[in-house]
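Pasting input-v3.cif here (mmCIF, C-alpha atoms and all ligand atoms):
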data_target
#
loop_
_atom_site.label_atom_id
_atom_site.label_comp_id
_atom_site.auth_asym_id
_atom_site.auth_seq_id
_atom_site.Cartn_x
_atom_site.Cartn_y
_atom_site.Cartn_z
CA MET A 1 -16.46 76.76 -160.96
CA ILE A 2 -14.64 75.00 -163.78
CA SER A 3 -12.91 71.68 -163.37
CA VAL A 4 -10.80 69.44 -165.55
CA GLU A 5 -10.80 65.83 -164.43
CA ASP A 6 -8.30 63.13 -165.39
CA LEU A 7 -7.80 64.57 -168.85
CA ASN A 8 -5.52 62.73 -171.27
CA LEU A 9 -4.67 63.61 -174.85
CA ARG A 10 -1.93 62.28 -177.10
CA LEU A 11 -0.72 64.38 -180.09
CA GLY A 12 2.15 62.68 -181.88
CA ASN A 13 5.06 62.49 -179.42
CA PHE A 14 3.42 64.79 -176.91
CA ALA A 15 0.76 63.96 -174.32
CA LEU A 16 -1.27 65.72 -171.68
CA VAL A 17 -1.21 63.25 -168.80
CA ASP A 18 -3.90 62.94 -166.11
CA VAL A 19 -4.52 66.67 -165.94
CA ASN A 20 -6.67 67.74 -163.01
CA LEU A 21 -7.55 71.37 -162.45
CA ARG A 22 -10.09 73.25 -160.33
CA VAL A 23 -10.75 76.95 -160.70
CA GLY A 24 -13.23 78.68 -158.43
CA ARG A 25 -15.82 81.16 -159.68
CA GLY A 26 -14.24 84.59 -160.13
CA GLU A 27 -10.74 83.27 -159.68
CA HIS A 28 -7.77 84.33 -161.84
CA LEU A 29 -5.57 81.26 -162.26
CA VAL A 30 -2.18 81.61 -163.95
CA ILE A 31 -0.67 78.42 -165.40
CA LEU A 32 3.08 78.81 -165.77
CA GLY A 33 5.10 76.42 -167.86
CA PRO A 34 8.04 76.36 -170.25
CA ILE A 35 7.73 76.41 -174.05
CA GLY A 36 6.16 73.20 -175.37
CA SER A 37 4.84 72.04 -172.00
CA GLY A 38 1.25 71.72 -173.25
CA LYS A 39 -0.38 74.98 -172.12
CA THR A 40 -2.00 75.83 -175.45
CA THR A 41 -3.06 72.22 -175.92
CA LEU A 42 -4.84 72.27 -172.54
CA LEU A 43 -6.65 75.53 -173.36
CA LYS A 44 -7.71 74.09 -176.73
CA CYS A 45 -9.19 71.08 -174.92
CA ILE A 46 -11.12 73.37 -172.56
CA ALA A 47 -12.28 75.53 -175.49
CA GLY A 48 -13.44 72.46 -177.43
CA ILE A 49 -10.96 72.73 -180.31
CA TYR A 50 -9.29 69.44 -179.33
CA THR A 51 -11.22 66.42 -178.10
CA PRO A 52 -9.40 64.66 -175.25
CA ASP A 53 -8.84 60.90 -175.44
CA SER A 54 -10.30 60.62 -171.95
CA GLY A 55 -11.41 62.79 -169.05
CA ARG A 56 -14.05 65.43 -168.41
CA ILE A 57 -14.39 69.20 -168.34
CA LYS A 58 -17.16 70.56 -166.12
CA ILE A 59 -18.65 73.97 -165.44
CA ASP A 60 -20.61 74.15 -162.19
CA GLY A 61 -20.77 70.35 -162.21
CA ARG A 62 -22.18 70.17 -165.76
CA ASP A 63 -20.12 68.08 -168.16
CA ILE A 64 -19.34 70.20 -171.25
CA SER A 65 -16.78 67.79 -172.74
CA ARG A 66 -19.00 66.76 -175.63
CA LEU A 67 -20.31 70.23 -176.52
CA PRO A 68 -19.01 72.04 -179.63
CA PRO A 69 -16.91 75.18 -178.89
CA GLU A 70 -19.73 77.66 -179.56
CA LYS A 71 -22.04 75.95 -177.04
CA ARG A 72 -19.54 76.12 -174.15
CA ASN A 73 -19.93 79.84 -173.48
CA LEU A 74 -16.20 80.29 -173.01
CA GLY A 75 -14.12 83.26 -174.14
CA TYR A 76 -10.91 82.13 -175.83
CA VAL A 77 -8.09 84.52 -176.68
CA PRO A 78 -5.64 82.52 -178.81
CA GLN A 79 -1.88 82.97 -178.64
CA ASP A 80 -1.87 84.90 -181.96
CA TYR A 81 -5.23 86.73 -181.34
CA LYS A 82 -6.78 85.51 -184.62
CA LEU A 83 -8.56 88.81 -185.19
CA PHE A 84 -10.44 89.02 -188.49
CA PRO A 85 -8.27 91.30 -190.66
CA HIS A 86 -11.09 92.30 -193.03
CA LEU A 87 -13.35 93.49 -190.19
CA ASN A 88 -12.89 96.65 -188.12
CA VAL A 89 -12.59 96.68 -184.32
CA ALA A 90 -16.33 96.89 -183.58
CA GLU A 91 -17.13 94.17 -186.15
CA ASN A 92 -14.51 91.88 -184.59
CA VAL A 93 -15.96 92.41 -181.12
CA ALA A 94 -19.52 91.90 -182.44
CA PHE A 95 -18.68 88.61 -184.13
CA GLY A 96 -19.56 86.17 -181.33
CA LEU A 97 -22.72 88.09 -180.49
CA LYS A 98 -23.96 87.95 -184.09
CA VAL A 99 -23.13 84.24 -184.45
CA ARG A 100 -25.30 83.63 -181.39
CA GLY A 101 -28.08 85.83 -182.80
CA LEU A 102 -28.09 88.08 -179.75
CA SER A 103 -29.88 91.44 -179.75
CA ASP A 104 -28.48 94.86 -178.71
CA VAL A 105 -25.16 93.97 -180.34
CA GLY A 106 -24.13 97.61 -180.85
CA GLU A 107 -24.71 98.49 -177.22
CA ARG A 108 -22.77 95.50 -175.92
CA VAL A 109 -19.87 96.25 -178.29
CA ARG A 110 -19.70 99.84 -176.98
CA GLU A 111 -19.86 98.59 -173.39
CA VAL A 112 -17.08 96.06 -173.80
CA LEU A 113 -14.78 98.44 -175.77
CA GLU A 114 -15.30 100.91 -172.92
CA LEU A 115 -14.36 98.15 -170.47
CA VAL A 116 -11.01 97.48 -172.18
CA GLY A 117 -10.36 101.22 -172.55
CA LEU A 118 -10.60 101.50 -176.35
CA PRO A 119 -13.98 103.14 -177.05
CA GLU A 120 -12.50 105.55 -179.62
CA LEU A 121 -11.10 102.78 -181.82
CA SER A 122 -14.34 101.08 -182.79
CA SER A 123 -14.17 101.87 -186.52
CA ARG A 124 -10.39 101.39 -186.85
CA ARG A 125 -9.09 98.59 -189.11
CA VAL A 126 -7.34 95.94 -187.04
CA GLU A 127 -4.13 96.07 -189.09
CA GLN A 128 -3.72 99.70 -187.96
CA LEU A 129 -3.61 98.76 -184.27
CA SER A 130 -0.57 98.38 -182.03
CA GLU A 131 0.13 94.90 -180.61
CA GLY A 132 -1.20 95.96 -177.20
CA GLN A 133 -4.40 97.29 -178.78
CA LYS A 134 -4.86 94.07 -180.80
CA GLN A 135 -4.53 92.07 -177.61
CA LEU A 136 -7.17 94.22 -175.89
CA VAL A 137 -9.53 93.92 -178.89
CA ALA A 138 -9.13 90.13 -178.78
CA ILE A 139 -9.94 90.23 -175.06
CA ALA A 140 -12.96 92.46 -175.74
CA ARG A 141 -14.20 90.05 -178.42
CA ALA A 142 -13.89 87.13 -175.99
CA LEU A 143 -15.63 89.03 -173.16
CA ALA A 144 -18.51 90.31 -175.31
CA ILE A 145 -20.54 87.12 -174.87
CA LYS A 146 -20.17 87.32 -171.05
CA PRO A 147 -18.37 83.97 -170.93
CA HIS A 148 -18.33 81.63 -167.92
CA VAL A 149 -14.55 81.62 -168.19
CA LEU A 150 -12.00 83.70 -170.09
CA LEU A 151 -9.11 81.63 -171.48
CA LEU A 152 -6.00 83.72 -172.16
CA ASP A 153 -3.08 82.24 -174.09
CA GLU A 154 0.19 84.18 -173.61
CA PRO A 155 -1.39 87.63 -173.56
CA PHE A 156 1.99 89.29 -172.94
CA ALA A 157 3.96 87.42 -175.59
CA ARG A 158 4.12 90.10 -178.28
CA LEU A 159 4.35 93.13 -176.04
CA ASP A 160 7.34 95.23 -174.99
CA SER A 161 7.86 95.87 -171.28
CA VAL A 162 5.82 99.09 -171.16
CA ALA A 163 2.87 97.48 -172.96
CA LYS A 164 3.18 94.42 -170.70
CA ALA A 165 2.93 96.53 -167.57
CA ARG A 166 -0.08 98.36 -168.98
CA LEU A 167 -1.86 95.14 -169.98
CA ARG A 168 -1.19 93.64 -166.57
CA GLY A 169 -2.94 96.63 -164.99
CA GLU A 170 -5.81 96.38 -167.48
CA LEU A 171 -6.28 92.67 -166.82
CA MET A 172 -6.40 93.22 -163.07
CA ARG A 173 -8.92 96.03 -163.51
CA ILE A 174 -11.09 94.01 -165.95
CA HIS A 175 -11.03 91.08 -163.56
CA GLU A 176 -12.04 93.28 -160.65
CA GLN A 177 -14.77 95.04 -162.64
CA THR A 178 -16.38 91.96 -164.22
CA GLY A 179 -15.55 89.17 -161.75
CA THR A 180 -14.95 86.91 -164.77
CA THR A 181 -13.17 83.62 -164.01
CA MET A 182 -9.86 83.61 -165.86
CA ILE A 183 -7.42 80.87 -166.85
CA HIS A 184 -4.27 82.47 -168.15
CA VAL A 185 -1.36 80.41 -169.49
CA THR A 186 2.14 81.73 -170.07
CA HIS A 187 5.83 80.88 -170.12
CA ASP A 188 6.64 84.44 -169.03
CA PHE A 189 7.21 83.83 -165.32
CA GLU A 190 8.13 87.45 -164.56
CA ALA A 191 5.12 88.98 -166.30
CA ALA A 192 2.64 86.56 -164.77
CA LEU A 193 3.67 86.92 -161.18
CA GLY A 194 2.18 89.89 -159.42
CA LEU A 195 -1.18 89.49 -161.16
CA GLY A 196 -2.64 88.53 -157.84
CA GLY A 197 -3.95 85.22 -159.14
CA ARG A 198 -3.33 81.71 -157.92
CA VAL A 199 -0.49 79.91 -159.71
CA ALA A 200 -0.35 76.39 -161.18
CA VAL A 201 2.58 74.92 -163.08
CA MET A 202 2.72 72.76 -166.19
CA ASP A 203 5.72 70.77 -167.35
CA GLY A 204 5.95 67.94 -169.87
CA GLY A 205 2.16 67.67 -170.19
CA ARG A 206 1.62 67.34 -166.44
CA LEU A 207 -0.04 69.96 -164.30
CA SER A 208 0.12 70.73 -160.61
CA GLN A 209 -1.76 73.29 -158.60
CA GLU A 210 -0.79 71.94 -155.16
CA LEU A 211 1.01 74.72 -153.35
CA PRO A 212 4.11 72.92 -152.03
CA GLU A 213 4.76 71.45 -155.48
CA VAL A 214 4.21 74.80 -157.22
CA ALA A 215 6.55 76.52 -154.77
CA ARG A 216 9.23 73.84 -155.22
CA TYR A 217 8.98 74.17 -159.01
CA LEU A 218 9.26 77.97 -158.94
CA GLN A 219 12.17 77.80 -156.50
CA GLU A 220 13.97 75.50 -158.95
CA ARG A 221 13.14 77.59 -162.02
CA LEU A 222 13.45 81.10 -160.66
CA GLY A 223 15.80 80.52 -157.75
CA TYR A 224 13.30 82.04 -155.34
CA ILE A 225 9.68 81.77 -154.23
CA PRO A 226 7.70 84.81 -155.43
CA VAL A 227 6.32 87.09 -152.74
CA ASP A 228 2.74 86.30 -153.86
CA LEU A 229 3.19 82.71 -152.71
CA GLU A 230 5.62 83.18 -149.86
CA GLY A 231 3.04 83.67 -147.15
CA GLU A 232 0.97 80.69 -148.23
CA VAL A 233 3.58 77.96 -148.36
N1 LIG B 1 -1.55 68.93 -183.49
C1 LIG B 1 -0.37 68.53 -182.96
N2 LIG B 1 0.23 67.38 -183.38
C2 LIG B 1 1.39 66.93 -182.86
N3 LIG B 1 2.05 67.59 -181.87
C3 LIG B 1 1.51 68.73 -181.42
C4 LIG B 1 0.28 69.27 -181.92
N4 LIG B 1 0.00 70.42 -181.27
C5 LIG B 1 0.99 70.59 -180.39
N5 LIG B 1 1.91 69.59 -180.47
C6 LIG B 1 3.13 69.44 -179.65
O1 LIG B 1 2.72 69.38 -178.30
C7 LIG B 1 3.65 70.06 -177.46
C8 LIG B 1 2.92 71.07 -176.63
O2 LIG B 1 2.48 72.13 -177.45
P1 LIG B 1 1.73 73.42 -176.87
O3 LIG B 1 1.47 74.32 -178.01
O4 LIG B 1 0.56 72.99 -176.06
O5 LIG B 1 2.85 74.02 -175.91
P2 LIG B 1 2.85 75.38 -175.09
O6 LIG B 1 3.10 75.03 -173.66
O7 LIG B 1 1.63 76.16 -175.39
O8 LIG B 1 4.15 76.11 -175.66
P3 LIG B 1 4.45 77.69 -175.91
O9 LIG B 1 4.90 78.23 -174.58
O10 LIG B 1 5.54 77.69 -176.90
O11 LIG B 1 3.20 78.34 -176.41
C9 LIG B 1 4.71 70.63 -178.38
O12 LIG B 1 5.81 69.76 -178.37
C10 LIG B 1 4.03 70.66 -179.74
O13 LIG B 1 4.98 70.54 -180.77
MG MG B 2 1.33 77.96 -176.31
#
Exercise: express the given structure as structure tokens:
Amino acid sequence: MISVEDLNLRLGNFALVDVNLRVGRGEHLVILGPIGSGKTTLLKCIAGIYTPDSGRIKIDGRDISRLPPEKRNLGYVPQDYKLFPHLNVAENVAFGLKVRGLSDVGERVREVLELVGLPELSSRRVEQLSEGQKQLVAIARALAIKPHVLLLDEPFARLDSVAKARLRGELMRIHEQTGTTMIHVTHDFEAALGLGGRVAVMDGGRLSQELPEVARYLQERLGYIPVDLEGEV
């Protein structure tokens, strides 16, 4: 289980304020929030790219707040993928494994490309991939190290509606197959609902995962409470 406790961070005029979050092992949590609400900033704190002014981040009770990103064993898929353009697909996916000096890199790369459904693209240059394929390669690269948690930043943002629907199916299948805990942030309310995950909302740097508050927020924003939540409120 991963938890964020009383996290605060100020960046210029923006601040994350008293963020508390708990995500159970194997859970797929979707954090919905409008543009500029602090979703990426929160993921960067969890990933170790930003250091919070105060608060803790724990995995299974162990405080990881002071560890550098590469020691946290988290898989981070940034909003713009950040694939390495000069490396091919397999080399991108192998990157984290090599940095950690792990053995059987080739086998793990094959396994994880199989998992995301792209085994035939391993020697393709990344600039020759479609947006949907780039997103899946970025997910494969993050999953290769068997992370405690997969952090997904706007995975649907650059996809058209067909590619979105396909990725949604792929994410649900990957989640089912690997049982990886996922925290997925997005402003795309429509694309995120129906993923089967629990929903939290973020607005103005504040986060809530309490059901009545989440339902009230979605009712206000969408004009209705999504079917996923209906039964639980
Ligand atoms: N390094 C920084 N310095 C100052 N302000 C920043 C910095 N990084 C982000 N911000 C500001 O913090 C706010 C939250 O940014 P963030 O990227 O976390 O939003 P977001 O919810 O991910 O938005 P989007 O849906 O557009 O991806 C924005 O107003 C942004 O301009
Ligand atoms: Mg963002």
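Restricting the calculation to only C-alpha atoms, the smallest distance between A:Gly169 and any of A:Ile46, A:Glu154, A:Val149, A:Ala191 is found for A:Ala191.
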*Which of A:Gln79, A:His86, A:Lys164, A:Val109 sits closest to ligand MG 2 (chain B) [using all atoms listed in the file]*: A:Gln79
Go through the chains and note each residue within 7 Å of ligand MG 2 (chain B), using all atoms listed in the file, then give the set as a compact mmCIF listing (two decimals) with C-alpha atoms, in the coordinates of the input.
# COMPACT_ATOMS: atom_id res chain seq x y z
CA ILE A 35 7.73 76.41 -174.05
CA GLY A 36 6.16 73.20 -175.37
CA GLY A 38 1.25 71.72 -173.25
CA LYS A 39 -0.38 74.98 -172.12
CA THR A 40 -2.00 75.83 -175.45
CA GLN A 79 -1.88 82.97 -178.64
CA ASP A 153 -3.08 82.24 -174.09
CA GLU A 154 0.19 84.18 -173.61
*Please extract the residues at most 9 Å from ligand LIG 1 (chain B), counting all atoms listed in the file, and provide them as JSON, numbers by chain, using the chain letters and residue numbers of this document.*
{"A": [10, 11, 12, 13, 14, 15, 16, 32, 33, 34, 35, 36, 37, 38, 39, 40, 41, 42, 43, 44, 50, 79, 153, 154, 185, 186, 187, 188, 202, 203, 204, 205]}
Please, could you write that set of residues out with C-alpha atoms as a PDB file, in the coordinates of the input?
ATOM      1  CA  ARG A  10      -1.930  62.280-177.100  1.00  0.00           C
ATOM      2  CA  LEU A  11      -0.720  64.380-180.090  1.00  0.00           C
ATOM      3  CA  GLY A  12       2.150  62.680-181.880  1.00  0.00           C
ATOM      4  CA  ASN A  13       5.060  62.490-179.420  1.00  0.00           C
ATOM      5  CA  PHE A  14       3.420  64.790-176.910  1.00  0.00           C
ATOM      6  CA  ALA A  15       0.760  63.960-174.320  1.00  0.00           C
ATOM      7  CA  LEU A  16      -1.270  65.720-171.680  1.00  0.00           C
ATOM      8  CA  LEU A  32       3.080  78.810-165.770  1.00  0.00           C
ATOM      9  CA  GLY A  33       5.100  76.420-167.860  1.00  0.00           C
ATOM     10  CA  PRO A  34       8.040  76.360-170.250  1.00  0.00           C
ATOM     11  CA  ILE A  35       7.730  76.410-174.050  1.00  0.00           C
ATOM     12  CA  GLY A  36       6.160  73.200-175.370  1.00  0.00           C
ATOM     13  CA  SER A  37       4.840  72.040-172.000  1.00  0.00           C
ATOM     14  CA  GLY A  38       1.250  71.720-173.250  1.00  0.00           C
ATOM     15  CA  LYS A  39      -0.380  74.980-172.120  1.00  0.00           C
ATOM     16  CA  THR A  40      -2.000  75.830-175.450  1.00  0.00           C
ATOM     17  CA  THR A  41      -3.060  72.220-175.920  1.00  0.00           C
ATOM     18  CA  LEU A  42      -4.840  72.270-172.540  1.00  0.00           C
ATOM     19  CA  LEU A  43      -6.650  75.530-173.360  1.00  0.00           C
ATOM     20  CA  LYS A  44      -7.710  74.090-176.730  1.00  0.00           C
ATOM     21  CA  TYR A  50      -9.290  69.440-179.330  1.00  0.00           C
ATOM     22  CA  GLN A  79      -1.880  82.970-178.640  1.00  0.00           C
ATOM     23  CA  ASP A 153      -3.080  82.240-174.090  1.00  0.00           C
ATOM     24  CA  GLU A 154       0.190  84.180-173.610  1.00  0.00           C
ATOM     25  CA  VAL A 185      -1.360  80.410-169.490  1.00  0.00           C
ATOM     26  CA  THR A 186       2.140  81.730-170.070  1.00  0.00           C
ATOM     27  CA  HIS A 187       5.830  80.880-170.120  1.00  0.00           C
ATOM     28  CA  ASP A 188       6.640  84.440-169.030  1.00  0.00           C
ATOM     29  CA  MET A 202       2.720  72.760-166.190  1.00  0.00           C
ATOM     30  CA  ASP A 203       5.720  70.770-167.350  1.00  0.00           C
ATOM     31  CA  GLY A 204       5.950  67.940-169.870  1.00  0.00           C
ATOM     32  CA  GLY A 205       2.160  67.670-170.190  1.00  0.00           C
TER      33      GLY A 205
END
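In terms of minimum interatomic distance to A:Phe189, A:Ile31 ranks closest within A:Glu176, A:Gly24, A:Ser161, A:Ile31, counting all atoms listed in the file.
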*Given only C-alpha atoms as the counted atoms, nearest of A:Arg108, A:Arg25, A:Arg72, A:His175 to A:Cys45*: A:Arg72
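Take atom CA of A:Leu121 and atom CA of A:Leu159: the distance between them is 19.1 Å.
For the pair atom CA of A:Ile183 and atom CA of A:Leu21, the separation is 10.5 Å.
Here the question is which of A:Arg141, A:Arg110, A:Arg206, A:Lys134 gets nearest to A:Asp6 using only C-alpha atoms, and that residue is A:Arg206.
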*Can you tell me, as a list in words, what residues are no more than 9 Å from A:Arg158 when counting all atoms listed in the file, ignoring any on the same chain fewer than 5 positions away?*
Asp80, Glu131, Gly132, Gln135 and Lys164 of chain A
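Selection around (-10.3, 65.9, -163.1) with radius 7 Å, counting only C-alpha atoms, yields the residues Ser3, Val4, Glu5, Asp6, Leu7, Val19, Asn20, Leu21, Gly55 and Arg56 of chain A.
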With N, CA and C atoms as the target, complete stretch 101-130 of chain A and hand it back as a PDB file, in the coordinates of the input.
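This went into out-v5.pdb:
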ATOM      1  N   GLY A 101     -26.798  85.189-182.520  1.00  0.00           N
ATOM      2  CA  GLY A 101     -28.080  85.830-182.800  1.00  0.00           C
ATOM      3  C   GLY A 101     -28.583  86.680-181.663  1.00  0.00           C
ATOM      4  N   LEU A 102     -27.673  87.274-180.887  1.00  0.00           N
ATOM      5  CA  LEU A 102     -28.090  88.080-179.750  1.00  0.00           C
ATOM      6  C   LEU A 102     -28.546  89.475-180.206  1.00  0.00           C
ATOM      7  N   SER A 103     -29.415  90.093-179.402  1.00  0.00           N
ATOM      8  CA  SER A 103     -29.880  91.440-179.750  1.00  0.00           C
ATOM      9  C   SER A 103     -29.000  92.479-179.038  1.00  0.00           C
ATOM     10  N   ASP A 104     -29.247  93.742-179.314  1.00  0.00           N
ATOM     11  CA  ASP A 104     -28.480  94.860-178.710  1.00  0.00           C
ATOM     12  C   ASP A 104     -26.973  94.690-178.894  1.00  0.00           C
ATOM     13  N   VAL A 105     -26.577  94.216-180.080  1.00  0.00           N
ATOM     14  CA  VAL A 105     -25.160  93.970-180.340  1.00  0.00           C
ATOM     15  C   VAL A 105     -24.346  95.269-180.222  1.00  0.00           C
ATOM     16  N   GLY A 106     -24.858  96.342-180.846  1.00  0.00           N
ATOM     17  CA  GLY A 106     -24.130  97.610-180.850  1.00  0.00           C
ATOM     18  C   GLY A 106     -23.854  98.110-179.451  1.00  0.00           C
ATOM     19  N   GLU A 107     -24.856  97.998-178.589  1.00  0.00           N
ATOM     20  CA  GLU A 107     -24.710  98.490-177.220  1.00  0.00           C
ATOM     21  C   GLU A 107     -23.675  97.672-176.452  1.00  0.00           C
ATOM     22  N   ARG A 108     -23.733  96.360-176.617  1.00  0.00           N
ATOM     23  CA  ARG A 108     -22.770  95.500-175.920  1.00  0.00           C
ATOM     24  C   ARG A 108     -21.337  95.755-176.413  1.00  0.00           C
ATOM     25  N   VAL A 109     -21.193  95.974-177.729  1.00  0.00           N
ATOM     26  CA  VAL A 109     -19.870  96.250-178.290  1.00  0.00           C
ATOM     27  C   VAL A 109     -19.316  97.536-177.679  1.00  0.00           C
ATOM     28  N   ARG A 110     -20.154  98.571-177.582  1.00  0.00           N
ATOM     29  CA  ARG A 110     -19.700  99.840-176.980  1.00  0.00           C
ATOM     30  C   ARG A 110     -19.276  99.620-175.529  1.00  0.00           C
ATOM     31  N   GLU A 111     -20.109  98.851-174.806  1.00  0.00           N
ATOM     32  CA  GLU A 111     -19.860  98.590-173.390  1.00  0.00           C
ATOM     33  C   GLU A 111     -18.507  97.896-173.184  1.00  0.00           C
ATOM     34  N   VAL A 112     -18.257  96.880-174.019  1.00  0.00           N
ATOM     35  CA  VAL A 112     -17.080  96.060-173.800  1.00  0.00           C
ATOM     36  C   VAL A 112     -15.809  96.785-174.302  1.00  0.00           C
ATOM     37  N   LEU A 113     -15.941  97.633-175.334  1.00  0.00           N
ATOM     38  CA  LEU A 113     -14.780  98.440-175.770  1.00  0.00           C
ATOM     39  C   LEU A 113     -14.453  99.488-174.701  1.00  0.00           C
ATOM     40  N   GLU A 114     -15.478  99.992-174.057  1.00  0.00           N
ATOM     41  CA  GLU A 114     -15.300 100.910-172.920  1.00  0.00           C
ATOM     42  C   GLU A 114     -14.546 100.183-171.800  1.00  0.00           C
ATOM     43  N   LEU A 115     -14.968  98.955-171.541  1.00  0.00           N
ATOM     44  CA  LEU A 115     -14.360  98.150-170.470  1.00  0.00           C
ATOM     45  C   LEU A 115     -12.857  97.949-170.686  1.00  0.00           C
ATOM     46  N   VAL A 116     -12.449  97.694-171.940  1.00  0.00           N
ATOM     47  CA  VAL A 116     -11.010  97.480-172.180  1.00  0.00           C
ATOM     48  C   VAL A 116     -10.279  98.800-172.467  1.00  0.00           C
ATOM     49  N   GLY A 117     -11.008  99.912-172.419  1.00  0.00           N
ATOM     50  CA  GLY A 117     -10.360 101.220-172.550  1.00  0.00           C
ATOM     51  C   GLY A 117     -10.084 101.659-173.972  1.00  0.00           C
ATOM     52  N   LEU A 118     -10.834 101.117-174.949  1.00  0.00           N
ATOM     53  CA  LEU A 118     -10.600 101.500-176.350  1.00  0.00           C
ATOM     54  C   LEU A 118     -11.859 101.997-177.067  1.00  0.00           C
ATOM     55  N   PRO A 119     -12.706 102.781-176.400  1.00  0.00           N
ATOM     56  CA  PRO A 119     -13.980 103.140-177.050  1.00  0.00           C
ATOM     57  C   PRO A 119     -13.782 103.925-178.344  1.00  0.00           C
ATOM     58  N   GLU A 120     -12.684 104.672-178.448  1.00  0.00           N
ATOM     59  CA  GLU A 120     -12.500 105.550-179.620  1.00  0.00           C
ATOM     60  C   GLU A 120     -11.994 104.789-180.853  1.00  0.00           C
ATOM     61  N   LEU A 121     -11.680 103.504-180.685  1.00  0.00           N
ATOM     62  CA  LEU A 121     -11.100 102.780-181.820  1.00  0.00           C
ATOM     63  C   LEU A 121     -12.100 101.900-182.578  1.00  0.00           C
ATOM     64  N   SER A 122     -13.391 102.074-182.293  1.00  0.00           N
ATOM     65  CA  SER A 122     -14.340 101.080-182.790  1.00  0.00           C
ATOM     66  C   SER A 122     -14.361 100.944-184.319  1.00  0.00           C
ATOM     67  N   SER A 123     -14.106 102.031-185.064  1.00  0.00           N
ATOM     68  CA  SER A 123     -14.170 101.870-186.520  1.00  0.00           C
ATOM     69  C   SER A 123     -12.792 101.712-187.164  1.00  0.00           C
ATOM     70  N   ARG A 124     -11.753 101.546-186.353  1.00  0.00           N
ATOM     71  CA  ARG A 124     -10.390 101.390-186.850  1.00  0.00           C
ATOM     72  C   ARG A 124     -10.207  99.978-187.455  1.00  0.00           C
ATOM     73  N   ARG A 125      -9.435  99.904-188.542  1.00  0.00           N
ATOM     74  CA  ARG A 125      -9.090  98.590-189.110  1.00  0.00           C
ATOM     75  C   ARG A 125      -8.074  97.911-188.188  1.00  0.00           C
ATOM     76  N   VAL A 126      -8.192  96.585-188.034  1.00  0.00           N
ATOM     77  CA  VAL A 126      -7.340  95.940-187.040  1.00  0.00           C
ATOM     78  C   VAL A 126      -5.849  95.976-187.413  1.00  0.00           C
ATOM     79  N   GLU A 127      -5.557  96.053-188.724  1.00  0.00           N
ATOM     80  CA  GLU A 127      -4.130  96.070-189.090  1.00  0.00           C
ATOM     81  C   GLU A 127      -3.467  97.404-188.709  1.00  0.00           C
ATOM     82  N   GLN A 128      -4.284  98.398-188.362  1.00  0.00           N
ATOM     83  CA  GLN A 128      -3.720  99.700-187.960  1.00  0.00           C
ATOM     84  C   GLN A 128      -3.547  99.816-186.443  1.00  0.00           C
ATOM     85  N   LEU A 129      -3.723  98.714-185.731  1.00  0.00           N
ATOM     86  CA  LEU A 129      -3.610  98.760-184.270  1.00  0.00           C
ATOM     87  C   LEU A 129      -2.217  98.351-183.820  1.00  0.00           C
ATOM     88  N   SER A 130      -1.819  98.844-182.641  1.00  0.00           N
ATOM     89  CA  SER A 130      -0.570  98.380-182.030  1.00  0.00           C
ATOM     90  C   SER A 130      -0.811  96.967-181.493  1.00  0.00           C
TER      91      SER A 130
END
